[in-house]
Amino acid sequence: MQQRTLGRTGISVSRICLGTMTWGEQNTQAEGHAQMDYALGYGINFLDTAELYSTPGRAETQGSTETIIGNWFAANGRRSDWVVASKITGPGNDWIRGGRPMDGKQIVVALEASLKRLRTDYIDLYQLHWPNRNHYNFSKSWAFDPYGQDKNAIRDNIHDVLEALNAQVKAGRIRAIGLSNETSWGVSEYVKVAEAHGLPRMATIQNEYNLLRRHFDYDLAEVCAFENVDLLAYSPLAAGLLSGKYNNGNMPAGSRGTLGTMWRLNPQSETATKAYMTLAEQHGLDVCQMALAWCLTRPFMASVIIGATSMDQLETDIAAHNLVLAPEVIEGIEELHRLYPRTFA
């Protein structure tokens, strides 16, 4: 399994990251542990979780994914084999720290709870799950409005958060920090504040990236190229849409679509999905493997976060790491992107 260093951190991670957000909801603890064992056997050393998970987020399962990972560490004693990424939840969920926005105090509270659930004394990459301010992720871009916010208050909050993260880095409880669901302006501000005050720089950004959603290709790609911030792509299969399992009105039992609103699914995304499936078939490829292998070709990509609810899915996804796409496949993907540039927001 190839590896890549995260930003300027010196932390080396596998190009495939094991996503865990279904554990505790769609997957049992035993299944989660089996996935960890299998992934580790194939050279994957990178795990992504969050205080919010399992998903869809709800009070009854909040934190369960971290607990499952922590129980594996306790049973196996192999914490050092993994690079663990977790996240502090942004504002809005009342059952997580009262739905409060992120600040210096909440960093400490959230980190303490995550460390306890994970049964570890450090987290390798600690990320801010989504901004306190308005942002365009989670299908919010149609109504995204950055106006009317207090820029100075936002900058003060960024400074406060970075100071708190710096204290935890110095204490050895965090090795590196990252963003998630951020914008170009947000990344730039975090970098500027960090450099102005000698605080830790953001090493990564975890945003959605897949054949159907390529916002990152534009301003974010430029910012991250110049600032040495790497992308960790979540939902590289567009929450399962690219597999085709939701085509023609299908809603497989036990799928993510049965647990919450599938806001990515619409006539445009289905049409594009079918076109990508046809392209894969023309070249004798599995469409999911094609989609994942394509993500790995992107120059800003540090690691692609896969999520599987079955071992068959996990094996297929991991095998995409070995797939080299022919130039004509890449060309076909770009042609389809021009036809379907924005299938969901």
# chains A, B, ... in the order shown; residues from 1 in each chain; ligands from 1
>>> select_by_dssp(residues="range 53-88 of chain A", states="strand (DSSP E or B)", output="NGL selection string")
:A and (83-88)
>>> write_last_selection(atoms="C-alpha atoms", output="JSON list (two decimals), in the first residue's frame")
[["chain", "number", "residue", "atom", "x", "y", "z"],
["A", 83, "VAL", "CA", -2.78, 6.82, 12.45],
["A", 84, "VAL", "CA", -6.07, 7.92, 14.00],
["A", 85, "ALA", "CA", -8.00, 10.93, 12.74],
["A", 86, "SER", "CA", -10.96, 12.21, 14.72],
["A", 87, "LYS", "CA", -13.03, 15.40, 14.77],
["A", 88, "ILE", "CA", -14.70, 17.85, 17.07]]
>>> residues_around(residues="Arg100 in chain A", least_positions_apart="5", cutoff="10 Å", atoms="only C-alpha atoms", output="ChimeraX atom specification")
/A:89-95,106,132
>>> residues_around(residues="range 213-224 of chain A", least_positions_apart="5", cutoff="10 Å", atoms="only C-alpha atoms", output="PyMOL selection string")
chain A and resi 7+182-188+203-205+207-208+229-231+233+235-238+264+269+298-301+337+340-345
>>> closest_residue(among="A:Ala253, A:Leu125, A:Ile333, A:Leu296", to="Gln26 in chain A", atoms="only C-alpha atoms")
A:Ala253
>>> select_by_dssp(residues="range 181-343 of chain A", states="helix (DSSP H, G or I)", output="ChimeraX atom specification")
/A:184-197,215-217,219-227,241-243,247-249,256-258,267-282,287-296,311-322,327-339
>>> residues_around(residues="Trp23 in chain A", least_positions_apart="6", cutoff="7 Å", atoms="only C-alpha atoms", output="ChimeraX atom specification")
/A:29,32,54,65
>>> write_last_selection(atoms="N, CA and C atoms", output="PDB file, in the first residue's frame")
ATOM      1  N   GLN A  29     -19.962  -3.940  16.427  1.00  0.00           N
ATOM      2  CA  GLN A  29     -18.578  -3.848  16.861  1.00  0.00           C
ATOM      3  C   GLN A  29     -17.742  -4.976  16.256  1.00  0.00           C
ATOM      4  N   GLY A  32     -16.916  -4.064  12.744  1.00  0.00           N
ATOM      5  CA  GLY A  32     -15.912  -3.006  12.706  1.00  0.00           C
ATOM      6  C   GLY A  32     -14.526  -3.542  12.987  1.00  0.00           C
ATOM      7  N   SER A  54     -21.669   7.235  15.441  1.00  0.00           N
ATOM      8  CA  SER A  54     -22.112   6.713  14.175  1.00  0.00           C
ATOM      9  C   SER A  54     -23.089   7.678  13.476  1.00  0.00           C
ATOM     10  N   THR A  65     -18.740   4.961  17.493  1.00  0.00           N
ATOM     11  CA  THR A  65     -17.669   4.529  16.599  1.00  0.00           C
ATOM     12  C   THR A  65     -16.311   4.646  17.279  1.00  0.00           C
TER      13      THR A  65
END
>>> residues_around(residues="range 306-317 of chain A", least_positions_apart="2", cutoff="6 Å", atoms="only C-alpha atoms", output="list in words")
Leu18, Gly19, Ala319 and Ala320 of chain A
>>> write_last_selection(atoms="N, CA and C atoms", output="compact mmCIF listing (two decimals), in the first residue's frame")
# COMPACT_ATOMS: atom_id res chain seq x y z
N LEU A 18 -9.42 4.01 6.19
CA LEU A 18 -10.60 3.26 6.59
C LEU A 18 -11.59 4.17 7.30
N GLY A 19 -12.68 4.47 6.63
CA GLY A 19 -13.74 5.25 7.25
C GLY A 19 -14.59 4.36 8.14
N ALA A 319 -9.05 -2.91 -3.15
CA ALA A 319 -8.40 -3.37 -4.37
C ALA A 319 -8.26 -2.26 -5.40
N ALA A 320 -9.07 -1.20 -5.30
CA ALA A 320 -8.97 -0.07 -6.24
C ALA A 320 -7.60 0.59 -6.17
>>> residues_around(residues="Ala30 in chain A", least_positions_apart="4", cutoff="9 Å", atoms="only C-alpha atoms", output="ChimeraX atom specification")
/A:34-35,68
>>> atom_distance(atom1="CA of Glu281 in chain A", atom2="CA of Tyr38 in chain A")
28.1 Å
